[in-house]
Amino acid sequence: MAPRRLLPALLGALATATMAAAAPAFAQASEQAVKAAFVPKFARYVGWPPAAQPGAGQPYYLCVIGRDPFGALIDRAAASEVIDGHPVAVRRFASIDFEAVAGCHLAFIAGANDAATAQMVEGLKRQAVLTITDARNGHARGMIHFAVVAGRVRFSIDQGTAAGRGITISSRLLALAVEVKP
Amino acid sequence: MRALLARAAAWLRNLPAAAAAGLVALIVVAAGTAIILQSEASYRAQKSEEAQVQADILASSIVAAIDFGDAAAAQEAADAMRVNRQLRGVAIYDRSGTRIAGYRRDGLGQRPTLAEARSVTSPGIVAEAPVMKDRKRIGTVRLAVDRQPLDTRFGRYAVIALLVLMAAFVVGVLGVAQAMLRRANRELELRATALGEANSELTHQIAERAKAEDQLRQAQKMQALGQLTGGIAHDFNNLLTVIQGSADMLTRPGLKAERRQRFAEAIVQAAARAAALTGQLLAFARRQPLQPEVIDVNAMIAGMIDLLDRTLGERFTIRTDLSHEACAVEADRAQLASAVLNIAVNARDAMPDGGSLAIATERVHHEEGDQIAICVTDTGAGMDEETQTRALEPFFTTKGAGKGTGLGLSQVYGFATQSGGDLKIVSTPGEGTTVTILLPCSDAPLPAPETGPGEARAAQIGAVLLVEDNEEVGEFAEAMLRELGHSVTWARSAAEALQAVAERPFDVVLSDVVMPMMSGIELADQLRLLQPDLPLVLTTGYSDEIARSGTGGRPVLLKPYRIETLAAVLDEALMGAKAEAE
């Protein structure tokens, strides 16, 4: 790629990434920015069992467990989501060995390695938590698993596992999935 | 509302039928158009509602796709709409109005932004729906629906249009028919009126004509009457001159007995002719009661030869050809004689230079029984056709004024038909005329020849009740009755007569027929109840009542009568009464 063409591309990618919170970046300028924008949006298309639902005025807790690949991107994206009056709050945990993890609604899990990620996903399987993983971090799969297909960020959905935790996933979301595991 | 309708109906009635029909047809067409437009509008509304619903469904189904910026998913959702073949196209725009997905059925490209798409007017029905996420608009769905193809819609409306047009047509035809009917009715009325006018005009003309005819008939009658009275007056004046002159001569003193006798005879003869004249008039009027008797026609004609000789004069020869087959007839002797004489006189007038007169009798066989024909033939001038046809017409005469009454043949015809016979005239101008009287034969026996009544029988004398309201006739009759030797009581009315009969006995009653209060016939009927044996003789100049009802078998003495006749009738009555009494 010629340097004189690289700059406008980078500038465009930056601009798009900055706007990602306000408008989805169809250009897929930054893979992490897109993922960071997607994650808080899932809350809208997912239903939790009544016991797990947030109380009035309480936020949905989006937990980033293990390594944090998004940083401020996800904070901004979460801040722009309000689902039926519930804001989305981001919490970060190093592992699942914290009491507070029990309050998570969504959990983006990225372990140090594939096994660690799988272990964390396994550790949360008794809770009503929508687990989200990324193919870049290994083969361990949460209920939603990011992957890049044809240069675009896509995801597959493990509806069966979600249903096992009492979590329902909207068909609208299912329609967007690359693959749905029943 | 109802009053309004009634007013509208009245207004419609006053309109000409064709105009009303046109109006109704227009209303029907307008209503049909309104129905079609309404249907079209509701179709559009329904279609746009459907489109809107589809847009809403699509919008809600692609929230996630837009939310996640998944153009492919949005495109999938848009492509899923292809199932609906009425969809012209679908476009999905993101929050900024940039098209991210969609299709057009015709395969052409779509506008890249919502604003551009909105700036172009679509031929179809367009619906837009916002894609909402948590009350925020994150995108827009826009879809266009093809309207139902024109021919399909036209097919739907064509049925309605056809029905409406047919209804309008029917209304129009009815209106035109109604108008024609009204016009025909008007014409018919006009014609009926014209016909009525013509009819009344005709009636008026007929009445006028009848009036004119009446006037003409009246004028003819007056003319005829003038002719008749002229003739009669002339004859009567002649006779009266003789009577008056003779009577004057009789009053002169010192007149010889021989001359006195001649004057008296002249009076008698003139009076007899006057009586014959009035008799003719009455016969013409058919008011004279006929006194039928059985007559030997041959004998009667033979007995008339002397009279005819005298009447016709020396220049005429009379021949008779009397058939031995001739039968007797039942007729009035005087009338029959008068008829023959009448024809003979006509024959004489037709032969101013003299000639011959032939009288023949012949038996004729007829369907209703045998008849006797009395033919009187002259060798005179004869009659042309017109004269022949008018010969029997009353008052028709070829003789000069005063010479004839025009009653002769008419009277003969009247007598013949009244006696059940007929009259026929055969004539050739220049050769002569044959007049034939036809009378029915009678089987009745001929009366025995009499040998003069007055001489054979002794004159009867009795008490006579004379009933007569006319002073002169009464005085004369009373004098004659006394002259004949009767004792006479003169009653001047029927009532007086009834009183007299009640007071004392009479042998015979001689009563006039025409009297005020009570007629002679009524008197006779009453007397028959009171004294059935009292004989009664009626006397009259003429009487409607006798002509109508007859005399009831009573003898009638016709005025004017002579003393011998009076004596004979009374003798007969008295004799009859006596014979019955014995």
# chains A, B, ... in the order shown; residues from 1 in each chain; ligands from 1

call {"tool": "residues_around", "arguments": {"residues": "Asp56 of chain B", "least_positions_apart": "6", "cutoff": "12 Å", "atoms": "only C-alpha atoms", "output": "VMD selection string"}}
result
chain B and resid 48 to 50 62 to 63 92 127 to 132 139 to 143

call {"tool": "write_last_selection", "arguments": {"atoms": "N, CA and C atoms", "output": "compact mmCIF listing (two decimals), in the first residue's frame"}}
result
# COMPACT_ATOMS: atom_id res chain seq x y z
N SER B 48 -52.56 1.45 0.48
CA SER B 48 -51.49 2.17 1.18
C SER B 48 -51.41 1.71 2.62
N GLU B 49 -52.54 1.29 3.17
CA GLU B 49 -52.50 0.77 4.54
C GLU B 49 -51.70 -0.54 4.56
N GLU B 50 -52.01 -1.37 3.55
CA GLU B 50 -51.27 -2.64 3.45
C GLU B 50 -49.77 -2.38 3.32
N ILE B 62 -35.85 -5.33 10.85
CA ILE B 62 -34.45 -5.04 10.50
C ILE B 62 -33.80 -4.10 11.50
N VAL B 63 -34.46 -3.96 12.66
CA VAL B 63 -33.86 -3.08 13.68
C VAL B 63 -32.44 -3.57 14.01
N ILE B 92 -33.97 0.35 2.00
CA ILE B 92 -33.71 0.52 3.43
C ILE B 92 -32.57 1.55 3.57
N ALA B 127 -44.98 3.73 0.79
CA ALA B 127 -45.12 3.75 2.25
C ALA B 127 -43.72 3.84 2.87
N GLU B 128 -43.65 4.62 3.93
CA GLU B 128 -42.38 4.76 4.64
C GLU B 128 -42.59 4.40 6.10
N ALA B 129 -41.60 3.72 6.66
CA ALA B 129 -41.68 3.42 8.09
C ALA B 129 -40.30 3.65 8.71
N PRO B 130 -40.29 4.30 9.83
CA PRO B 130 -39.00 4.52 10.50
C PRO B 130 -38.55 3.23 11.20
N VAL B 131 -37.27 3.01 11.23
CA VAL B 131 -36.72 1.90 12.01
C VAL B 131 -36.30 2.49 13.35
N MET B 132 -37.04 2.09 14.41
CA MET B 132 -36.86 2.72 15.70
C MET B 132 -36.10 1.80 16.65
N GLY B 139 -33.10 4.33 11.22
CA GLY B 139 -33.13 4.05 9.78
C GLY B 139 -34.55 4.22 9.23
N THR B 140 -34.69 3.98 7.94
CA THR B 140 -36.00 4.17 7.30
C THR B 140 -36.23 3.05 6.27
N VAL B 141 -37.44 2.58 6.27
CA VAL B 141 -37.84 1.62 5.23
C VAL B 141 -38.79 2.33 4.29
N ARG B 142 -38.52 2.17 3.02
CA ARG B 142 -39.42 2.81 2.04
C ARG B 142 -39.77 1.75 1.02
N LEU B 143 -41.05 1.58 0.81
CA LEU B 143 -41.43 0.61 -0.23
C LEU B 143 -42.54 1.16 -1.13

call {"tool": "closest_atom_pairs", "arguments": {"of": "chain B", "to": "chain A", "cutoff": "10 Å", "atoms": "only C-alpha atoms", "output": "JSON lines"}}
result
{"residue": "B:Ser60", "atom": "CA", "partner": "A:Arg172", "partner_atom": "CA", "distance": 8.8}
{"residue": "B:Ser61", "atom": "CA", "partner": "A:Arg172", "partner_atom": "CA", "distance": 6.2}
{"residue": "B:Ile62", "atom": "CA", "partner": "A:Arg172", "partner_atom": "CA", "distance": 7.0}
{"residue": "B:Val63", "atom": "CA", "partner": "A:Arg172", "partner_atom": "CA", "distance": 7.4}
{"residue": "B:Ala64", "atom": "CA", "partner": "A:Arg172", "partner_atom": "CA", "distance": 5.7}
{"residue": "B:Ala65", "atom": "CA", "partner": "A:Leu176", "partner_atom": "CA", "distance": 6.4}
{"residue": "B:Ile66", "atom": "CA", "partner": "A:Pro24", "partner_atom": "CA", "distance": 7.9}
{"residue": "B:Asp67", "atom": "CA", "partner": "A:Pro24", "partner_atom": "CA", "distance": 6.8}
{"residue": "B:Phe68", "atom": "CA", "partner": "A:Pro24", "partner_atom": "CA", "distance": 6.3}
{"residue": "B:Gly69", "atom": "CA", "partner": "A:Pro24", "partner_atom": "CA", "distance": 5.3}
{"residue": "B:Asp70", "atom": "CA", "partner": "A:Leu176", "partner_atom": "CA", "distance": 7.1}
{"residue": "B:Ala71", "atom": "CA", "partner": "A:Phe26", "partner_atom": "CA", "distance": 7.7}
{"residue": "B:Ala72", "atom": "CA", "partner": "A:Leu176", "partner_atom": "CA", "distance": 8.6}
{"residue": "B:Ala73", "atom": "CA", "partner": "A:Leu176", "partner_atom": "CA", "distance": 5.8}
{"residue": "B:Ala74", "atom": "CA", "partner": "A:Leu176", "partner_atom": "CA", "distance": 8.9}
{"residue": "B:Glu76", "atom": "CA", "partner": "A:Ala175", "partner_atom": "CA", "distance": 9.2}
{"residue": "B:Ala77", "atom": "CA", "partner": "A:Ala175", "partner_atom": "CA", "distance": 9.0}
{"residue": "B:Asp94", "atom": "CA", "partner": "A:Ala23", "partner_atom": "CA", "distance": 9.0}
{"residue": "B:Arg95", "atom": "CA", "partner": "A:Ala23", "partner_atom": "CA", "distance": 7.6}
{"residue": "B:Ser96", "atom": "CA", "partner": "A:Ala23", "partner_atom": "CA", "distance": 8.9}
{"residue": "B:Ile100", "atom": "CA", "partner": "A:Phe26", "partner_atom": "CA", "distance": 9.3}
{"residue": "B:Lys133", "atom": "CA", "partner": "A:Ile83", "partner_atom": "CA", "distance": 8.9}
{"residue": "B:Asp134", "atom": "CA", "partner": "A:Ile83", "partner_atom": "CA", "distance": 6.6}
{"residue": "B:Arg135", "atom": "CA", "partner": "A:Asp84", "partner_atom": "CA", "distance": 9.5}
{"residue": "B:Ile138", "atom": "CA", "partner": "A:Ala23", "partner_atom": "CA", "distance": 8.4}

call {"tool": "select_by_dssp", "arguments": {"residues": "segment 230-405 of chain B", "states": "strand (DSSP E or B)", "output": "PyMOL selection string"}}
result
chain B and resi 292-296+316-322+328-332+355-364+371-378

call {"tool": "select_by_dssp", "arguments": {"residues": "segment 53-119 of chain A", "states": "helix (DSSP H, G or I)", "output": "list in words"}}
result
Ala72, Leu73, Ile74, Asp75, Arg76, Ala77, Ala78, Ala79, Glu99, Ala100, Val101, Ala102, Gly103, Asp114, Ala115, Ala116, Thr117, Ala118 and Gln119 of chain A

call {"tool": "write_last_selection", "arguments": {"atoms": "C-alpha atoms", "output": "CSV table (one decimal), in the first residue's frame"}}
result
chain,number,residue,atom,x,y,z
A,72,ALA,CA,-12.5,3.1,26.4
A,73,LEU,CA,-14.2,2.1,23.1
A,74,ILE,CA,-16.6,-0.2,25.0
A,75,ASP,CA,-17.2,2.4,27.7
A,76,ARG,CA,-18.4,4.9,25.1
A,77,ALA,CA,-20.4,2.3,23.3
A,78,ALA,CA,-22.2,1.2,26.5
A,79,ALA,CA,-22.8,4.8,27.5
A,99,GLU,CA,-18.5,-12.3,44.1
A,100,ALA,CA,-19.7,-9.4,41.9
A,101,VAL,CA,-19.4,-11.6,38.7
A,102,ALA,CA,-22.8,-13.0,39.8
A,103,GLY,CA,-24.4,-9.7,39.0
A,114,ASP,CA,-7.7,-20.8,25.0
A,115,ALA,CA,-7.9,-23.1,28.0
A,116,ALA,CA,-8.3,-20.2,30.4
A,117,THR,CA,-11.1,-18.8,28.4
A,118,ALA,CA,-12.9,-22.1,28.2
A,119,GLN,CA,-12.5,-22.5,31.9

call {"tool": "residues_around", "arguments": {"residues": "Ala350 of chain B", "least_positions_apart": "5", "cutoff": "12 Å", "atoms": "only C-alpha atoms", "output": "count of residues only"}}
result
24

call {"tool": "residues_around", "arguments": {"residues": "Arg156 of chain B", "least_positions_apart": "4", "cutoff": "12 Å", "atoms": "only C-alpha atoms", "output": "PyMOL selection string"}}
result
chain B and resi 35-36+39-40+43+148-152+160-163

call {"tool": "write_last_selection", "arguments": {"atoms": "C-alpha atoms", "output": "compact mmCIF listing (two decimals), in the first residue's frame"}}
result
# COMPACT_ATOMS: atom_id res chain seq x y z
CA ILE B 35 -69.36 4.75 -6.45
CA ILE B 36 -66.43 3.98 -8.75
CA SER B 39 -64.27 2.33 -4.59
CA GLU B 40 -61.02 3.49 -6.18
CA TYR B 43 -58.87 0.63 -2.81
CA GLN B 148 -53.53 -3.41 -9.30
CA PRO B 149 -53.06 -3.45 -13.06
CA LEU B 150 -55.37 -1.02 -14.81
CA ASP B 151 -57.20 -3.70 -16.76
CA THR B 152 -58.01 -5.66 -13.58
CA ILE B 160 -70.52 -1.17 -12.21
CA ALA B 161 -70.18 1.23 -15.14
CA LEU B 162 -72.14 -1.12 -17.39
CA LEU B 163 -74.94 -1.45 -14.83

call {"tool": "residues_around", "arguments": {"residues": "segment 55-59 of chain A", "least_positions_apart": "4", "cutoff": "7 Å", "atoms": "only C-alpha atoms", "output": "list in words"}}
result
Gly85, His86, Pro87, Val88 and Ala89 of chain A

call {"tool": "write_last_selection", "arguments": {"atoms": "N, CA and C atoms", "output": "short mmCIF file (atom, residue, chain, number, x, y, z; two decimals), in the first residue's frame"}}
result
data_model
loop_
_atom_site.label_atom_id
_atom_site.label_comp_id
_atom_site.auth_asym_id
_atom_site.auth_seq_id
_atom_site.Cartn_x
_atom_site.Cartn_y
_atom_site.Cartn_z
N GLY A 85 -35.07 2.06 29.44
CA GLY A 85 -34.79 2.83 30.65
C GLY A 85 -33.60 2.32 31.47
N HIS A 86 -33.06 1.17 31.04
CA HIS A 86 -31.88 0.64 31.78
C HIS A 86 -30.62 0.99 31.02
N PRO A 87 -29.71 1.71 31.69
CA PRO A 87 -28.42 1.96 31.02
C PRO A 87 -27.53 0.70 31.06
N VAL A 88 -26.46 0.76 30.37
CA VAL A 88 -25.53 -0.37 30.38
C VAL A 88 -24.22 0.08 31.10
N ALA A 89 -23.90 -0.65 32.14
CA ALA A 89 -22.69 -0.28 32.91
C ALA A 89 -21.57 -1.32 32.68
#

call {"tool": "atom_distance", "arguments": {"atom1": "atom CA of Gly155 of chain B", "atom2": "atom CA of Gln38 of chain B"}}
result
16.0 Å

call {"tool": "closest_residue", "arguments": {"among": "A:Arg91, A:Arg67, A:Lys181, A:His105", "to": "Ala128 of chain A", "atoms": "only C-alpha atoms"}}
result
A:His105

call {"tool": "closest_residue", "arguments": {"among": "A:Gly166, A:Gly111, A:Pro40, A:Gly71", "to": "Gln127 of chain A", "atoms": "only C-alpha atoms"}}
result
A:Gly166

call {"tool": "residues_around", "arguments": {"residues": "Val376 of chain B", "least_positions_apart": "3", "cutoff": "12 Å", "atoms": "only C-alpha atoms", "output": "ChimeraX atom specification"}}
result
/B:301,318-322,339-348,356-362,373,379-380,423-427,432-438

call {"tool": "atom_distance", "arguments": {"atom1": "atom CA of Gln411 of chain B", "atom2": "atom CA of Gly553 of chain B"}}
result
25.8 Å

call {"tool": "residues_around", "arguments": {"residues": "Gly66 of chain A", "least_positions_apart": "6", "cutoff": "10 Å", "atoms": "only C-alpha atoms", "output": "PyMOL selection string"}}
result
chain A and resi 92-96+108-112+116-117+120

call {"tool": "decode", "arguments": {"residues": "segment 108-142 of chain A", "atoms": "N, CA and C atoms", "output": "compact mmCIF listing (two decimals), in the first residue's frame"}}
result
# COMPACT_ATOMS: atom_id res chain seq x y z
N PHE A 108 -18.01 -10.47 28.39
CA PHE A 108 -17.04 -10.70 27.32
C PHE A 108 -15.83 -11.36 27.97
N ILE A 109 -15.58 -12.59 27.53
CA ILE A 109 -14.53 -13.35 28.21
C ILE A 109 -13.32 -13.52 27.29
N ALA A 110 -12.17 -13.10 27.80
CA ALA A 110 -10.93 -13.28 27.03
C ALA A 110 -9.83 -13.71 28.01
N GLY A 111 -9.56 -15.00 28.07
CA GLY A 111 -8.53 -15.48 28.98
C GLY A 111 -7.14 -15.29 28.40
N ALA A 112 -6.19 -15.66 29.18
CA ALA A 112 -4.81 -15.53 28.71
C ALA A 112 -4.55 -16.47 27.57
N ASN A 113 -5.22 -17.57 27.62
CA ASN A 113 -5.12 -18.52 26.51
C ASN A 113 -6.46 -19.22 26.31
N ASP A 114 -6.47 -20.12 25.32
CA ASP A 114 -7.72 -20.76 24.96
C ASP A 114 -8.33 -21.53 26.13
N ALA A 115 -7.46 -22.24 26.86
CA ALA A 115 -7.93 -23.07 27.98
C ALA A 115 -8.51 -22.21 29.09
N ALA A 116 -7.83 -21.11 29.37
CA ALA A 116 -8.30 -20.22 30.43
C ALA A 116 -9.69 -19.65 30.06
N THR A 117 -9.81 -19.29 28.80
CA THR A 117 -11.11 -18.75 28.35
C THR A 117 -12.20 -19.81 28.53
N ALA A 118 -11.88 -21.06 28.07
CA ALA A 118 -12.86 -22.13 28.16
C ALA A 118 -13.25 -22.39 29.60
N GLN A 119 -12.27 -22.28 30.47
CA GLN A 119 -12.51 -22.54 31.89
C GLN A 119 -13.47 -21.49 32.46
N MET A 120 -13.23 -20.22 32.04
CA MET A 120 -14.08 -19.14 32.55
C MET A 120 -15.51 -19.28 32.05
N VAL A 121 -15.59 -19.67 30.77
CA VAL A 121 -16.95 -19.87 30.21
C VAL A 121 -17.65 -20.97 30.98
N GLU A 122 -16.89 -22.04 31.24
CA GLU A 122 -17.43 -23.17 31.98
C GLU A 122 -17.84 -22.73 33.38
N GLY A 123 -16.98 -21.86 33.98
CA GLY A 123 -17.25 -21.41 35.35
C GLY A 123 -18.55 -20.61 35.47
N LEU A 124 -18.95 -19.98 34.36
CA LEU A 124 -20.17 -19.15 34.43
C LEU A 124 -21.43 -19.88 33.99
N LYS A 125 -21.26 -21.16 33.71
CA LYS A 125 -22.39 -21.84 33.07
C LYS A 125 -23.59 -22.06 33.99
N ARG A 126 -23.34 -21.85 35.32
CA ARG A 126 -24.47 -22.03 36.24
C ARG A 126 -25.25 -20.72 36.42
N GLN A 127 -24.78 -19.64 35.81
CA GLN A 127 -25.45 -18.34 35.96
C GLN A 127 -26.15 -17.94 34.68
N ALA A 128 -27.12 -17.05 34.85
CA ALA A 128 -27.82 -16.53 33.67
C ALA A 128 -27.04 -15.36 33.10
N VAL A 129 -25.94 -15.68 32.48
CA VAL A 129 -25.06 -14.66 31.91
C VAL A 129 -24.87 -14.98 30.44
N LEU A 130 -25.08 -13.94 29.59
CA LEU A 130 -24.83 -14.12 28.16
C LEU A 130 -23.33 -14.03 27.97
N THR A 131 -22.73 -15.18 27.64
CA THR A 131 -21.27 -15.20 27.51
C THR A 131 -20.88 -14.92 26.08
N ILE A 132 -19.86 -14.07 25.92
CA ILE A 132 -19.42 -13.64 24.59
C ILE A 132 -17.93 -13.92 24.47
N THR A 133 -17.53 -14.57 23.40
CA THR A 133 -16.12 -14.87 23.17
C THR A 133 -15.71 -14.41 21.79
N ASP A 134 -14.43 -14.44 21.50
CA ASP A 134 -13.90 -13.98 20.20
C ASP A 134 -12.98 -15.05 19.64
N ALA A 135 -13.19 -15.34 18.36
CA ALA A 135 -12.40 -16.39 17.73
C ALA A 135 -10.90 -16.06 17.74
N ARG A 136 -10.58 -14.76 17.81
CA ARG A 136 -9.17 -14.38 17.85
C ARG A 136 -8.49 -14.91 19.10
N ASN A 137 -9.30 -15.14 20.17
CA ASN A 137 -8.72 -15.58 21.43
C ASN A 137 -8.73 -17.10 21.57
N GLY A 138 -9.13 -17.80 20.58
CA GLY A 138 -9.08 -19.26 20.67
C GLY A 138 -10.42 -19.89 20.31
N HIS A 139 -10.48 -21.19 20.52
CA HIS A 139 -11.66 -21.92 20.11
C HIS A 139 -12.75 -21.96 21.16
N ALA A 140 -12.44 -21.53 22.36
CA ALA A 140 -13.48 -21.55 23.40
C ALA A 140 -14.66 -20.66 22.98
N ARG A 141 -15.84 -21.23 23.15
CA ARG A 141 -17.03 -20.51 22.65
C ARG A 141 -18.00 -20.16 23.77
N GLY A 142 -18.37 -18.92 23.79
CA GLY A 142 -19.48 -18.52 24.65
C GLY A 142 -20.78 -18.66 23.86
